[in-house]
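Data from structure37.tsv: TSV, C-alpha atoms
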```tsv
chain	number	residue	atom	x	y	z
A	1	MET	CA	-11.60	-12.75	10.35
A	2	LYS	CA	-8.43	-14.61	11.21
A	3	SER	CA	-5.46	-14.43	8.89
A	4	ASN	CA	-4.35	-17.67	7.32
A	5	ALA	CA	-0.65	-17.36	6.61
A	6	ALA	CA	-0.59	-20.72	4.82
A	7	LEU	CA	-2.75	-19.25	2.07
A	8	LEU	CA	-0.29	-16.45	1.41
A	9	ASP	CA	2.08	-18.58	-0.64
A	10	LEU	CA	4.04	-15.59	-1.91
A	11	SER	CA	7.09	-15.96	0.29
A	12	PRO	CA	8.91	-18.79	2.08
A	13	GLN	CA	8.63	-16.66	5.23
A	14	ALA	CA	5.48	-15.91	7.16
A	15	PRO	CA	3.91	-12.78	5.64
A	16	PHE	CA	4.09	-10.72	8.82
A	17	ASP	CA	7.14	-12.21	10.52
A	18	HIS	CA	8.90	-8.82	10.70
A	19	VAL	CA	6.00	-6.92	12.23
A	20	VAL	CA	6.06	-6.14	15.93
A	21	ASP	CA	2.72	-7.03	17.48
A	22	PRO	CA	1.36	-3.76	18.90
A	23	GLY	CA	-0.61	-5.71	21.52
A	24	PRO	CA	-4.33	-6.07	22.18
A	25	HIS	CA	-6.73	-3.58	20.64
A	26	PRO	CA	-9.94	-3.36	22.66
A	27	GLY	CA	-11.58	-0.94	20.24
A	28	PRO	CA	-11.24	0.74	16.85
A	29	ALA	CA	-9.00	3.54	18.11
A	30	CYS	CA	-6.13	4.49	15.82
A	31	PRO	CA	-2.59	3.42	16.75
A	32	ALA	CA	0.28	5.82	17.13
A	33	PRO	CA	1.37	7.37	13.82
A	34	LEU	CA	4.33	5.94	11.99
A	35	ALA	CA	7.46	7.75	13.19
A	36	PRO	CA	9.58	9.63	10.63
A	37	ALA	CA	12.86	8.02	9.70
A	38	PRO	CA	15.93	9.18	11.68
A	39	GLY	CA	17.46	12.25	10.10
A	40	HIS	CA	14.28	13.23	8.27
A	41	PRO	CA	13.27	16.88	8.80
A	42	ASP	CA	10.10	15.77	10.56
A	43	SER	CA	11.93	13.50	13.00
A	44	ALA	CA	12.32	16.24	15.61
A	45	THR	CA	8.55	16.42	16.09
A	46	THR	CA	5.92	13.76	16.39
A	47	ALA	CA	3.48	13.16	13.53
A	48	SER	CA	0.56	14.11	15.76
A	49	ASP	CA	2.18	17.55	16.34
A	50	SER	CA	3.06	18.30	12.73
A	51	ALA	CA	0.65	16.42	10.47
A	52	THR	CA	-2.87	15.15	10.03
A	53	THR	CA	-3.00	11.39	10.47
A	54	VAL	CA	-4.89	9.06	8.16
A	55	PRO	CA	-5.96	5.70	9.68
A	56	VAL	CA	-4.65	2.84	7.53
A	57	PHE	CA	-5.44	-0.83	8.18
A	58	VAL	CA	-3.36	-3.64	6.68
A	59	VAL	CA	-5.49	-6.79	6.55
A	60	PRO	CA	-4.09	-10.23	5.63
A	61	VAL	CA	-6.95	-12.16	4.04
A	62	GLY	CA	-7.56	-15.90	4.24
A	63	SER	CA	-10.55	-18.03	3.29
A	64	ALA	CA	-11.58	-18.73	6.87
A	65	SER	CA	-14.45	-16.66	8.25
A	66	PRO	CA	-16.38	-16.61	11.54
A	67	HIS	CA	-19.60	-16.48	9.50
A	68	GLY	CA	-19.23	-19.97	8.08
A	69	SER	CA	-17.95	-21.66	4.96
A	70	GLY	CA	-17.97	-19.68	1.75
A	71	THR	CA	-18.85	-16.31	3.25
A	72	GLY	CA	-15.40	-14.76	3.82
A	73	LEU	CA	-13.12	-12.90	1.48
A	74	SER	CA	-10.58	-15.06	-0.27
A	75	PRO	CA	-6.99	-14.02	-1.12
A	76	ASP	CA	-8.05	-13.65	-4.76
A	77	ASP	CA	-10.82	-11.16	-3.84
A	78	CYS	CA	-8.25	-8.53	-2.91
A	79	PRO	CA	-6.99	-7.58	-6.41
A	80	ALA	CA	-10.59	-6.99	-7.53
A	81	LEU	CA	-11.02	-4.49	-4.68
A	82	ASN	CA	-7.87	-2.56	-5.58
A	83	GLY	CA	-8.67	1.07	-6.36
A	84	ARG	CA	-12.24	0.86	-5.13
A	85	SER	CA	-13.70	3.38	-2.69
A	86	ARG	CA	-16.83	3.87	-0.64
A	87	ALA	CA	-18.34	5.80	-3.54
A	88	THR	CA	-17.62	3.16	-6.18
A	89	LEU	CA	-19.20	0.26	-4.30
A	90	ASP	CA	-22.97	0.10	-4.19
A	91	GLY	CA	-24.80	-0.41	-0.91
A	92	ALA	CA	-25.03	-4.18	-1.18
A	93	ASP	CA	-21.33	-4.56	-2.00
A	94	ARG	CA	-20.37	-2.23	0.84
A	95	ARG	CA	-22.44	-4.23	3.33
A	96	ARG	CA	-20.96	-7.50	2.06
A	97	LEU	CA	-17.43	-6.16	2.39
A	98	LEU	CA	-17.95	-4.73	5.88
A	99	SER	CA	-19.45	-8.00	7.10
A	100	ARG	CA	-16.34	-9.91	6.01
A	101	LEU	CA	-13.62	-7.72	7.46
A	102	PRO	CA	-12.31	-7.71	11.04
A	103	GLU	CA	-14.57	-5.78	13.41
A	104	ARG	CA	-11.99	-3.05	14.08
A	105	VAL	CA	-11.66	-2.34	10.37
A	106	SER	CA	-15.37	-2.46	9.51
A	107	ALA	CA	-16.19	-0.18	12.47
A	108	ALA	CA	-13.67	2.41	11.29
A	109	MET	CA	-14.96	2.18	7.72
A	110	ALA	CA	-18.60	2.51	8.83
A	111	ALA	CA	-17.75	5.63	10.84
A	112	ALA	CA	-15.73	7.26	8.04
A	113	GLY	CA	-17.36	9.40	5.40
A	114	HIS	CA	-14.82	8.14	2.88
A	115	TRP	CA	-12.44	5.20	2.53
A	116	GLU	CA	-10.29	3.71	-0.18
A	117	LEU	CA	-9.07	0.17	-0.83
A	118	TYR	CA	-5.77	-1.10	-2.17
A	119	GLY	CA	-5.15	-4.79	-2.64
A	120	THR	CA	-3.11	-7.58	-4.08
A	121	ARG	CA	-3.50	-11.31	-3.64
A	122	GLY	CA	-3.91	-12.10	0.05
A	123	LEU	CA	-3.68	-8.53	1.34
A	124	LEU	CA	-6.11	-5.61	1.60
A	125	VAL	CA	-5.11	-2.09	2.66
A	126	VAL	CA	-7.89	0.24	3.88
A	127	ALA	CA	-7.29	4.01	4.20
A	128	CYS	CA	-10.06	5.87	6.06
A	129	GLY	CA	-11.19	9.49	6.02
A	130	ASP	CA	-11.44	12.34	3.53
A	131	ASP	CA	-7.67	12.96	3.70
A	132	ALA	CA	-7.12	9.54	2.13
A	133	ARG	CA	-8.20	11.17	-1.15
A	134	ARG	CA	-5.03	13.27	-1.09
A	135	MET	CA	-2.66	10.37	-0.52
A	136	GLY	CA	-1.53	7.53	-2.73
A	137	PHE	CA	-1.05	3.90	-1.72
A	138	SER	CA	0.20	0.96	-3.72
A	139	VAL	CA	0.83	-2.64	-2.71
A	140	GLU	CA	2.03	-5.59	-4.79
A	141	SER	CA	2.93	-9.15	-3.90
A	142	VAL	CA	6.49	-10.33	-4.45
A	143	ARG	CA	6.48	-13.75	-6.06
A	144	PRO	CA	8.86	-16.58	-5.12
A	145	GLU	CA	11.99	-16.94	-7.24
A	146	ALA	CA	10.38	-19.72	-9.29
A	147	SER	CA	7.51	-17.49	-10.43
A	148	PRO	CA	7.75	-14.67	-12.97
A	149	PRO	CA	7.39	-11.15	-11.53
A	150	ASP	CA	3.95	-9.56	-11.73
A	151	THR	CA	5.48	-6.17	-12.51
A	152	PRO	CA	6.81	-5.80	-16.08
A	153	TYR	CA	10.29	-4.36	-16.48
A	154	GLU	CA	8.91	-1.92	-19.06
A	155	VAL	CA	7.75	0.39	-16.24
A	156	LEU	CA	11.38	1.33	-15.49
A	157	THR	CA	13.37	4.37	-16.58
A	158	GLY	CA	16.83	3.86	-18.03
A	159	HIS	CA	18.40	4.75	-14.69
A	160	GLU	CA	16.18	2.27	-12.82
A	161	SER	CA	16.93	-0.45	-15.38
A	162	ARG	CA	20.66	0.02	-14.88
A	163	ILE	CA	20.27	-0.26	-11.10
A	164	ALA	CA	18.13	-3.41	-11.41
A	165	ALA	CA	20.57	-5.00	-13.87
A	166	THR	CA	23.30	-5.05	-11.20
A	167	ARG	CA	21.25	-7.17	-8.78
A	168	PRO	CA	20.81	-10.98	-8.57
A	169	ALA	CA	17.52	-12.20	-10.07
A	170	PRO	CA	15.45	-12.56	-6.83
A	171	GLU	CA	16.62	-9.17	-5.55
A	172	ARG	CA	16.11	-7.63	-8.98
A	173	ASP	CA	12.48	-8.73	-9.17
A	174	ARG	CA	11.78	-7.24	-5.74
A	175	LEU	CA	13.50	-3.99	-6.70
A	176	VAL	CA	11.44	-3.67	-9.89
A	177	THR	CA	8.28	-4.16	-7.83
A	178	ARG	CA	9.51	-1.56	-5.30
A	179	PHE	CA	10.10	1.01	-8.05
A	180	TRP	CA	6.66	0.26	-9.49
A	181	VAL	CA	4.72	0.76	-6.25
A	182	ARG	CA	6.53	4.07	-5.73
A	183	LYS	CA	5.39	5.27	-9.15
A	184	ASP	CA	1.87	3.95	-8.73
A	185	ALA	CA	1.47	5.58	-5.31
A	186	ALA	CA	2.81	8.92	-6.59
A	187	LEU	CA	0.40	8.87	-9.54
A	188	GLN	CA	-2.49	8.04	-7.21
A	189	ALA	CA	-1.54	10.91	-4.90
A	190	VAL	CA	-1.84	13.52	-7.66
A	191	GLY	CA	-4.91	11.95	-9.25
A	192	ARG	CA	-3.21	10.95	-12.51
A	193	GLY	CA	-3.60	7.19	-12.23
A	194	LEU	CA	-2.17	5.41	-15.26
A	195	SER	CA	-2.88	8.34	-17.58
A	196	LEU	CA	0.88	8.89	-17.49
A	197	ALA	CA	3.38	6.28	-18.65
A	198	PRO	CA	5.26	4.95	-15.57
A	199	GLU	CA	8.56	4.89	-17.45
A	200	ARG	CA	8.42	8.71	-17.56
A	201	ILE	CA	8.66	8.89	-13.76
A	202	GLU	CA	11.97	8.46	-11.94
A	203	ALA	CA	11.61	6.53	-8.66
A	204	GLY	CA	15.02	4.92	-8.34
A	205	PHE	CA	16.07	6.79	-5.22
A	206	PRO	CA	18.14	4.86	-2.64
A	207	GLY	CA	16.73	4.00	0.77
A	208	ASP	CA	13.05	3.87	1.64
A	209	ARG	CA	12.13	7.55	1.29
A	210	GLY	CA	12.47	10.11	-1.50
A	211	THR	CA	10.76	12.58	-3.81
A	212	VAL	CA	9.15	11.48	-7.06
A	213	THR	CA	8.42	14.22	-9.59
A	214	VAL	CA	5.18	13.67	-11.51
A	215	PRO	CA	4.71	15.68	-14.73
A	216	GLY	CA	1.59	17.77	-14.31
A	217	PRO	CA	-0.67	19.64	-16.72
A	218	HIS	CA	0.62	22.76	-18.49
A	219	GLY	CA	4.21	21.71	-17.86
A	220	LEU	CA	3.98	22.08	-14.08
A	221	ASP	CA	5.76	19.25	-12.28
A	222	VAL	CA	4.37	17.99	-8.96
A	223	PRO	CA	6.86	16.82	-6.30
A	224	VAL	CA	5.53	13.88	-4.29
A	225	SER	CA	7.03	12.50	-1.09
A	226	VAL	CA	7.10	8.70	-1.34
A	227	ARG	CA	8.03	6.15	1.29
A	228	ASN	CA	8.29	2.38	1.15
A	229	ILE	CA	6.87	0.61	4.20
A	230	ALA	CA	8.48	-2.78	4.95
A	231	PHE	CA	5.87	-4.73	6.91
A	232	SER	CA	6.34	-8.10	5.20
A	233	SER	CA	8.82	-9.96	3.03
A	234	ALA	CA	5.89	-11.05	0.84
A	235	TYR	CA	4.89	-7.55	-0.30
A	236	GLU	CA	6.17	-4.19	-1.48
A	237	PHE	CA	4.13	-1.23	-0.23
A	238	ALA	CA	4.47	2.52	-0.84
A	239	VAL	CA	2.72	5.61	0.54
A	240	ALA	CA	2.80	8.96	-1.28
A	241	VAL	CA	1.81	12.51	-0.31
A	242	PRO	CA	2.08	15.57	-2.60
A	243	GLU	CA	4.54	18.08	-1.16
A	244	PRO	CA	4.17	20.11	1.01
A	245	LEU	CA	0.97	18.55	2.41
A	246	ALA	CA	1.29	17.49	6.06
A	247	LEU	CA	-0.37	14.08	6.03
A	248	THR	CA	0.94	10.86	7.51
A	249	PRO	CA	-0.51	7.33	7.73
A	250	ALA	CA	-1.33	5.89	11.15
A	251	PHE	CA	-0.99	2.14	10.67
A	252	SER	CA	-2.73	-0.79	12.27
A	253	TYR	CA	-1.03	-3.96	11.05
A	254	PRO	CA	-1.40	-6.80	10.76
A	255	VAL	CA	-5.15	-6.83	11.37
A	256	GLY	CA	-6.74	-10.22	11.05
```
Can you dump the structure from the file as structure tokens?
Amino acid sequence: MKSNAALLDLSPQAPFDHVVDPGPHPGPACPAPLAPAPGHPDSATTASDSATTVPVFVVPVGSASPHGSGTGLSPDDCPALNGRSRATLDGADRRRLLSRLPERVSAAMAAAGHWELYGTRGLLVVACGDDARRMGFSVESVRPEASPPDTPYEVLTGHESRIAATRPAPERDRLVTRFWVRKDAALQAVGRGLSLAPERIEAGFPGDRGTVTVPGPHGLDVPVSVRNIAFSSAYEFAVAVPEPLALTPAFSYPVG
């Protein structure tokens, strides 16, 4: 499948204009893991030395397909796939999905015993392998200034609301979405989903990396390491791992 940037009308910029092309990929091998941020405790060692890597594919989705008209995924198919996994799609739906994704992605999914999907309009994120169960991912589109934000402000804590209130409207809407994907990813990582009100979780840390504390059962809080990944001006994306698990995503993006 080839990406169709014109269909991703969520930003005046091309969706992947800030991504460095990693070059040709002759096979489905995983790329190098994402390097820790400078100054992070893990930055002295490579991810392959200190952590288990989880292959993650970021797939921009257009309506064009090599199989002919009407057979490819459309941008609006992606939200319906959000939160689905290999186990929650029946055989026919799995075969249909695999036949409509880029070959590198479908090959990795076919070889994996488990995979999970995260999507918003025009973008699908695929995390492969059993370790994907122990991580959380969340992606949301950032609408143009003329459109209302998809993420309601009610998901914010008081502290987050005060931070957002100091920003101009376009920046504020992006920041609200960034806080939301942090919370969503952290909840996914500990298996709580939306059983917990997002406004109870503080995710207003500065920078792109921090710890989000998720209230657990029996009064036991769970610290979760959360990082925002900036691969496109059109989306906000967060990855979460419960501490002190040593898991890191190994990204292939954009794939299309």
Neighbouring residues of A:Phe57 were defined as those with any atom within 6 Å, considering all atoms listed in the file; residues of the same chain fewer than 4 positions away were excluded. Please report them as a list in words.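 The neighbour list is Val125, Val126, Phe251 and Ser252 of chain A.
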Among A:Ala230, A:Ala164, A:Val224, A:Ala51, A:Gly210 is approached most closely, using only C-alpha atoms, by A:Val224
Which value, in Å to one decimal, gives the distance between atom CA of A:Pro170 and atom CA of A:Asp76? 23.6 Å
Among A:Val142, A:Leu187, A:Ala80, A:Ala203, A:Asp173 is approached most closely, using all atoms listed in the file, by A:Val142
Quick one: everything within 10 Å of A:Pro242, counting all atoms listed in the file, minus sequence neighbours fewer than 3 positions away in the same chain. Send it as number ranges by chain. A: 134-136, 186-190, 211-214, 222-226, 245-247
Those residues you just picked out, can you put them in a file as a PDB file, in the coordinates of the input with C-alpha atoms?
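Written out: selection.pdb:
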```
ATOM      1  CA  ARG A 134      -5.030  13.270  -1.090  1.00  0.00           C
ATOM      2  CA  MET A 135      -2.660  10.370  -0.520  1.00  0.00           C
ATOM      3  CA  GLY A 136      -1.530   7.530  -2.730  1.00  0.00           C
ATOM      4  CA  ALA A 186       2.810   8.920  -6.590  1.00  0.00           C
ATOM      5  CA  LEU A 187       0.400   8.870  -9.540  1.00  0.00           C
ATOM      6  CA  GLN A 188      -2.490   8.040  -7.210  1.00  0.00           C
ATOM      7  CA  ALA A 189      -1.540  10.910  -4.900  1.00  0.00           C
ATOM      8  CA  VAL A 190      -1.840  13.520  -7.660  1.00  0.00           C
ATOM      9  CA  THR A 211      10.760  12.580  -3.810  1.00  0.00           C
ATOM     10  CA  VAL A 212       9.150  11.480  -7.060  1.00  0.00           C
ATOM     11  CA  THR A 213       8.420  14.220  -9.590  1.00  0.00           C
ATOM     12  CA  VAL A 214       5.180  13.670 -11.510  1.00  0.00           C
ATOM     13  CA  VAL A 222       4.370  17.990  -8.960  1.00  0.00           C
ATOM     14  CA  PRO A 223       6.860  16.820  -6.300  1.00  0.00           C
ATOM     15  CA  VAL A 224       5.530  13.880  -4.290  1.00  0.00           C
ATOM     16  CA  SER A 225       7.030  12.500  -1.090  1.00  0.00           C
ATOM     17  CA  VAL A 226       7.100   8.700  -1.340  1.00  0.00           C
ATOM     18  CA  LEU A 245       0.970  18.550   2.410  1.00  0.00           C
ATOM     19  CA  ALA A 246       1.290  17.490   6.060  1.00  0.00           C
ATOM     20  CA  LEU A 247      -0.370  14.080   6.030  1.00  0.00           C
TER      21      LEU A 247
END
```
Near-A:Glu154 list (12 Å; all atoms listed in the file; drop same-chain fewer than 6 positions) as a ChimeraX atom specification: /A:160-161,176-177,179-180,197-200
Counting only C-alpha atoms, the residue of A:Leu81, A:Gly119, A:Val56, A:Asp184 that sits nearest A:Asp93: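 Nearest candidate to A:Asp93 out of A:Leu81, A:Gly119, A:Val56, A:Asp184: A:Leu81.
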What lies within 6 Å of stretch 103-112 of chain A using all atoms listed in the file, ignoring chain neighbours under 2 positions off, as a VMD selection string? chain A and resid 28 98 101 114 129
Produce a file of the selected residues containing C-alpha atoms, as an mmCIF file, in the frame of the given file.
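The resulting file, result.cif, is shown below:
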```
data_model
loop_
_atom_site.group_PDB
_atom_site.id
_atom_site.type_symbol
_atom_site.label_atom_id
_atom_site.label_comp_id
_atom_site.auth_asym_id
_atom_site.auth_seq_id
_atom_site.Cartn_x
_atom_site.Cartn_y
_atom_site.Cartn_z
ATOM 1 C CA PRO A 28 -11.240 0.740 16.850
ATOM 2 C CA LEU A 98 -17.950 -4.730 5.880
ATOM 3 C CA LEU A 101 -13.620 -7.720 7.460
ATOM 4 C CA HIS A 114 -14.820 8.140 2.880
ATOM 5 C CA GLY A 129 -11.190 9.490 6.020
#
```
For the structure just given, write the atoms of stretch 51-64 of chain A, namely N, CA, C and O atoms, as a short mmCIF file (atom, residue, chain, number, x, y, z; two decimals), in the first residue's frame.
```
data_model
loop_
_atom_site.label_atom_id
_atom_site.label_comp_id
_atom_site.auth_asym_id
_atom_site.auth_seq_id
_atom_site.Cartn_x
_atom_site.Cartn_y
_atom_site.Cartn_z
N ALA A 51 17.32 -3.70 27.11
CA ALA A 51 15.88 -3.89 27.09
C ALA A 51 15.45 -4.81 25.96
O ALA A 51 16.15 -4.99 24.97
N THR A 52 14.28 -5.41 26.15
CA THR A 52 13.65 -6.19 25.10
C THR A 52 12.95 -5.23 24.13
O THR A 52 12.25 -4.32 24.57
N THR A 53 13.17 -5.42 22.85
CA THR A 53 12.54 -4.54 21.87
C THR A 53 11.23 -5.12 21.36
O THR A 53 11.08 -6.32 21.24
N VAL A 54 10.30 -4.23 21.10
CA VAL A 54 8.99 -4.60 20.57
C VAL A 54 8.84 -3.94 19.20
O VAL A 54 8.84 -2.71 19.11
N PRO A 55 8.75 -4.72 18.12
CA PRO A 55 8.59 -4.12 16.79
C PRO A 55 7.28 -3.34 16.68
O PRO A 55 6.21 -3.86 17.00
N VAL A 56 7.38 -2.10 16.25
CA VAL A 56 6.22 -1.23 16.10
C VAL A 56 6.25 -0.61 14.71
O VAL A 56 7.25 0.02 14.34
N PHE A 57 5.18 -0.77 13.96
CA PHE A 57 5.07 -0.22 12.61
C PHE A 57 4.06 0.92 12.61
O PHE A 57 2.96 0.78 13.13
N VAL A 58 4.44 2.05 12.02
CA VAL A 58 3.56 3.20 11.89
C VAL A 58 3.17 3.31 10.43
O VAL A 58 4.01 3.54 9.57
N VAL A 59 1.90 3.11 10.13
CA VAL A 59 1.44 2.96 8.75
C VAL A 59 0.46 4.08 8.38
O VAL A 59 -0.67 4.12 8.88
N PRO A 60 0.86 5.03 7.52
CA PRO A 60 -0.09 6.00 7.00
C PRO A 60 -1.02 5.31 6.00
O PRO A 60 -0.55 4.56 5.14
N VAL A 61 -2.29 5.53 6.11
CA VAL A 61 -3.27 4.79 5.31
C VAL A 61 -4.00 5.71 4.36
O VAL A 61 -4.57 6.72 4.78
N GLY A 62 -3.96 5.37 3.08
CA GLY A 62 -4.75 6.07 2.06
C GLY A 62 -5.74 5.11 1.45
O GLY A 62 -5.84 3.95 1.84
N SER A 63 -6.51 5.58 0.46
CA SER A 63 -7.52 4.73 -0.17
C SER A 63 -6.95 3.93 -1.33
O SER A 63 -7.60 3.02 -1.83
N ALA A 64 -5.73 4.28 -1.79
CA ALA A 64 -5.17 3.56 -2.91
C ALA A 64 -4.67 2.19 -2.46
O ALA A 64 -4.19 2.02 -1.36
#
```
